[in-house]
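Engineer: Pasting a structure here, questions to come.
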Amino acid sequence: MVFNDGDFVLINYTIKVKNGDTYLVQETTYEDVAKQSGIFDANKKYGPYLIVIGKSQLIEAVNETIKEMEIGEKKEIKAEPSKAYGERRDDLVLRIPVKQLKRYNIPLRIGQQVEIGGRVGVIERIAERFAYIDFNHPLAGRELLIDLEVVKKIDDFTDKVKYLVERWLGIPNNKVEISGDQNTININLPSETLAINDLESKMQLLTKDLYQYIKPKEVNLNIKVEFKEEKEEKKEEEVKEEAKTSTQ
C-alpha cells in the first residue's frame, strides 16, 4: 500500500539514540518497552500515535519510509542527523539577560526548560548577567535508530474526529459523540472535559487541527453535563439507608 498525503494513520514507534557503541531508548509508544528501558511515565498514555501523512511534523527518514509501508508492517530505520533533527548549531545557543528571565519568573537552573518567543530551549549555562539557552532540538546532531510499525489507516470521518479529540483532550473514543458531516462537525464531550488542565488552549489546538486536516466550515463543541433530579437522589439515599438498616 502507498499512503497519500492527508491519510490518517496510526503508528507505533521506538526512538533510540546512539550512545557510543549502543543505542538507548529515548521515546516509545509501547508501554512494555518503556518499562523495560526504565523510561516509563505513569502520567503518559501509551499506544498507537496518530499522524497525518504529508502534514504531521515527521523527520525526513520516517516520512520517506512510512509512505511505502503496508498496514501491519514493521521496519527499523537508521537516521543520520541530516535526516533526523539536523546537526547541532552553535548559533541556536542564545545569550539572554538574567533580568529578563527573572521578570518572567523563570527558574534560573541549569537544565531548566524555558519558552521564549514561542521557541522552547534549555538553560545550558548561567553567568553573572546572562543565561545561555540552547534552542537546538534535544536530539540534534544525534544518530537515531527507529523501530516503526504501521498499525491502522483511518478512513471513517467520525473516527478521524475522535482520534483528534483524543490527541488533544485525552478523552477515549467511546466517550465522544460525533454528528454532522465534513462541512459542519458537531462534537459532544462528556462532563469530565471540564476537569482538563488548560482546557481553552487545548480546545484551540483541537480546532486548529480539525481545520487543517478536515477543512470544515463550522465546528460545534458541546460539553454534556447531566444533573440528577432531586427525587432520584432521595431514592438513592433511601436505598442506602434501607441497606444499612438490614445489616444491623
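Convention: chains lettered A, B, ... in C-alpha cells order; per-chain residue numbering from 1; ligands numbered from 1 as shown.
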Contacts of Asp32 of chain A at 12 Å or less, counting only C-alpha atoms, minus same-chain residues fewer than 5 places along, as a compact mmCIF listing (two decimals) with N, CA, C and O atoms, in the first residue's frame?

Structural biologist:
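Contents of the output file result_15.txt:
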```
# COMPACT_ATOMS: atom_id res chain seq x y z
N THR A 14 9.52 3.35 18.38
CA THR A 14 10.50 3.46 19.45
C THR A 14 11.71 4.18 18.88
O THR A 14 12.25 3.78 17.84
N SER A 37 12.97 -0.28 29.55
CA SER A 37 14.07 0.66 29.31
C SER A 37 14.26 1.65 30.45
O SER A 37 15.17 2.49 30.41
N GLY A 38 13.36 1.60 31.44
CA GLY A 38 13.48 2.49 32.59
C GLY A 38 13.04 3.92 32.32
O GLY A 38 13.44 4.85 33.03
N ILE A 39 12.20 4.13 31.30
CA ILE A 39 11.72 5.49 31.00
C ILE A 39 10.20 5.59 31.14
O ILE A 39 9.58 6.53 30.66
N PHE A 40 9.58 4.60 31.81
CA PHE A 40 8.11 4.58 31.94
C PHE A 40 7.63 5.81 32.71
O PHE A 40 8.19 6.20 33.74
N ASP A 41 6.58 6.43 32.20
CA ASP A 41 5.95 7.60 32.81
C ASP A 41 4.49 7.27 33.08
O ASP A 41 3.71 7.08 32.15
N TYR A 46 0.18 5.40 26.73
CA TYR A 46 0.91 4.65 25.71
C TYR A 46 -0.07 4.01 24.72
O TYR A 46 -1.21 3.71 25.07
N GLY A 47 0.37 3.81 23.51
CA GLY A 47 -0.46 3.21 22.48
C GLY A 47 -0.21 3.89 21.14
O GLY A 47 0.56 4.85 21.04
```

Engineer: Using only C-alpha atoms, determine which residues lie at most 12 Å from segment 118-134 of chain A, disregarding the query and same-chain residues fewer than 2 positions distant; provide the list as a VMD selection string.

Structural biologist: chain A and resid 88 to 102 106 to 116 136 to 140

Engineer: Which residues are near Glu80 of chain A? Cut-off 12 Å, only C-alpha atoms, ignore same chain within fewer than 4 positions. Put them as a PyMOL selection string.

Structural biologist: chain A and resi 17-18+59-62+84-87+139-146

Engineer: Could you pull the residues within 10 Å of Lys152 of chain A, counting only C-alpha atoms, minus those fewer than 2 positions along the same chain, as an MDAnalysis selection string?

Structural biologist: chainID A and resid 8:12 48 50 70:72 149:150 154:155

Engineer: Skipping near chain neighbours, those fewer than 4 positions away, what residues fall within 7 Å of Ile178 of chain A using only C-alpha atoms, listed as a list in words?

Structural biologist: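 Counting only the stated atoms, we get Thr158, Asn186, Ile187 and Asn188 of chain A.
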
Engineer: Mind giving me the straight-line distance from atom CA of Asp147 of chain A to atom CA of Glu31 of chain A in Å, one decimal?

Structural biologist: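 Rounded to one decimal, the two atoms are 14.3 Å apart.
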
Engineer: To one decimal place, how far is atom CA of Ala34 of chain A from atom CA of Tyr49 of chain A in Å?

Structural biologist: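 About the pair atom CA of Ala34 of chain A and atom CA of Tyr49 of chain A: they are 15.0 Å apart.
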
Engineer: If you run DSSP on the backbone, which residues of segment 7-50 of chain A are strand (DSSP E), as JSON, numbers by chain?

Structural biologist: {"A": [8, 9, 10, 11, 12, 13, 14, 15, 16, 17, 18, 19, 22, 23, 24, 25, 26, 27, 28, 49, 50]}

Engineer: So which bits of segment 21-230 of chain A end up alpha helix (DSSP H) when you DSSP the backbone, as JSON, numbers by chain?

Structural biologist: {"A": [31, 32, 33, 34, 35, 36, 37, 60, 61, 62, 63, 64, 65, 66, 98, 99, 100, 101, 102, 103, 157, 158, 159, 160, 161, 162, 163, 164, 165, 166, 167, 168, 169, 199, 200, 201, 202, 203, 204, 205, 206, 207, 208, 209, 210, 211, 212, 213, 214, 230]}

Engineer: Selection from above, C-alpha atoms, as a PDB file, in the first residue's frame, can you write it?

Structural biologist:
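What follows is the written file again-v8.pdb:
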```pdb
ATOM      1  CA  GLU A  31       4.308   0.599  27.480  1.00  0.00           C
ATOM      2  CA  ASP A  32       6.307  -2.622  27.944  1.00  0.00           C
ATOM      3  CA  VAL A  33       9.325  -1.157  26.112  1.00  0.00           C
ATOM      4  CA  ALA A  34       9.159   1.957  28.303  1.00  0.00           C
ATOM      5  CA  LYS A  35       9.171  -0.180  31.458  1.00  0.00           C
ATOM      6  CA  GLN A  36      11.995  -2.393  30.248  1.00  0.00           C
ATOM      7  CA  SER A  37      14.066   0.659  29.310  1.00  0.00           C
ATOM      8  CA  GLU A  60      12.626  13.018   6.888  1.00  0.00           C
ATOM      9  CA  ALA A  61      13.756   9.412   7.415  1.00  0.00           C
ATOM     10  CA  VAL A  62      10.340   8.404   8.819  1.00  0.00           C
ATOM     11  CA  ASN A  63       8.365  10.416   6.263  1.00  0.00           C
ATOM     12  CA  GLU A  64      10.197   8.728   3.371  1.00  0.00           C
ATOM     13  CA  THR A  65       9.799   5.220   4.779  1.00  0.00           C
ATOM     14  CA  ILE A  66       6.223   5.215   6.013  1.00  0.00           C
ATOM     15  CA  VAL A  98      19.151  37.113  33.688  1.00  0.00           C
ATOM     16  CA  LYS A  99      16.937  40.141  34.467  1.00  0.00           C
ATOM     17  CA  GLN A 100      14.618  39.169  31.607  1.00  0.00           C
ATOM     18  CA  LEU A 101      14.234  35.609  32.906  1.00  0.00           C
ATOM     19  CA  LYS A 102      13.555  36.867  36.441  1.00  0.00           C
ATOM     20  CA  ARG A 103      10.943  39.264  35.082  1.00  0.00           C
ATOM     21  CA  PHE A 157     -14.890  10.551   9.085  1.00  0.00           C
ATOM     22  CA  THR A 158     -16.161  10.246  12.674  1.00  0.00           C
ATOM     23  CA  ASP A 159     -13.140   8.150  13.691  1.00  0.00           C
ATOM     24  CA  LYS A 160     -10.803  10.826  12.339  1.00  0.00           C
ATOM     25  CA  VAL A 161     -12.509  13.445  14.504  1.00  0.00           C
ATOM     26  CA  LYS A 162     -12.486  11.180  17.574  1.00  0.00           C
ATOM     27  CA  TYR A 163      -8.770  10.497  17.269  1.00  0.00           C
ATOM     28  CA  LEU A 164      -8.036  14.222  17.007  1.00  0.00           C
ATOM     29  CA  VAL A 165     -10.153  14.807  20.135  1.00  0.00           C
ATOM     30  CA  GLU A 166      -8.228  12.074  21.942  1.00  0.00           C
ATOM     31  CA  ARG A 167      -4.897  13.560  20.803  1.00  0.00           C
ATOM     32  CA  TRP A 168      -5.561  16.950  22.400  1.00  0.00           C
ATOM     33  CA  LEU A 169      -8.060  16.272  25.189  1.00  0.00           C
ATOM     34  CA  LEU A 199      -8.781  23.368  28.533  1.00  0.00           C
ATOM     35  CA  GLU A 200      -9.119  26.572  26.499  1.00  0.00           C
ATOM     36  CA  SER A 201      -5.672  26.210  24.890  1.00  0.00           C
ATOM     37  CA  LYS A 202      -6.246  22.531  24.109  1.00  0.00           C
ATOM     38  CA  MET A 203      -9.616  23.326  22.533  1.00  0.00           C
ATOM     39  CA  GLN A 204      -7.896  25.885  20.300  1.00  0.00           C
ATOM     40  CA  LEU A 205      -5.273  23.325  19.237  1.00  0.00           C
ATOM     41  CA  LEU A 206      -8.020  20.781  18.523  1.00  0.00           C
ATOM     42  CA  THR A 207      -9.996  23.175  16.322  1.00  0.00           C
ATOM     43  CA  LYS A 208      -6.765  24.169  14.545  1.00  0.00           C
ATOM     44  CA  ASP A 209      -6.078  20.512  13.692  1.00  0.00           C
ATOM     45  CA  LEU A 210      -9.678  19.938  12.610  1.00  0.00           C
ATOM     46  CA  TYR A 211      -9.446  22.870  10.198  1.00  0.00           C
ATOM     47  CA  GLN A 212      -6.013  21.874   8.901  1.00  0.00           C
ATOM     48  CA  TYR A 213      -6.765  18.190   8.326  1.00  0.00           C
ATOM     49  CA  ILE A 214     -10.530  18.069   7.595  1.00  0.00           C
ATOM     50  CA  GLU A 230     -33.863  15.616  43.463  1.00  0.00           C
TER      51      GLU A 230
END
```

Engineer: Hey, what's within 12 Å of Glu226 of chain A if we count only C-alpha atoms and toss same-chain stuff fewer than 6 positions away? As an MDAnalysis selection string, please?

Structural biologist: chainID A and resid 189:192

Engineer: Using only C-alpha atoms, pick whichever of A:Asn105, A:Gln182, A:Asn4, A:Asn220 has the shortest atom-to-atom distance to Ile53 of chain A.

Structural biologist: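 Of all the options, A:Asn4 lies closest to Ile53 of chain A.
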
Engineer: Please, what distance in Å, to one decimal, runs between atom CA of Ala79 of chain A and atom CA of Thr22 of chain A?

Structural biologist: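 Computing the Euclidean distance for atom CA of Ala79 of chain A and atom CA of Thr22 of chain A yields 14.6 Å.
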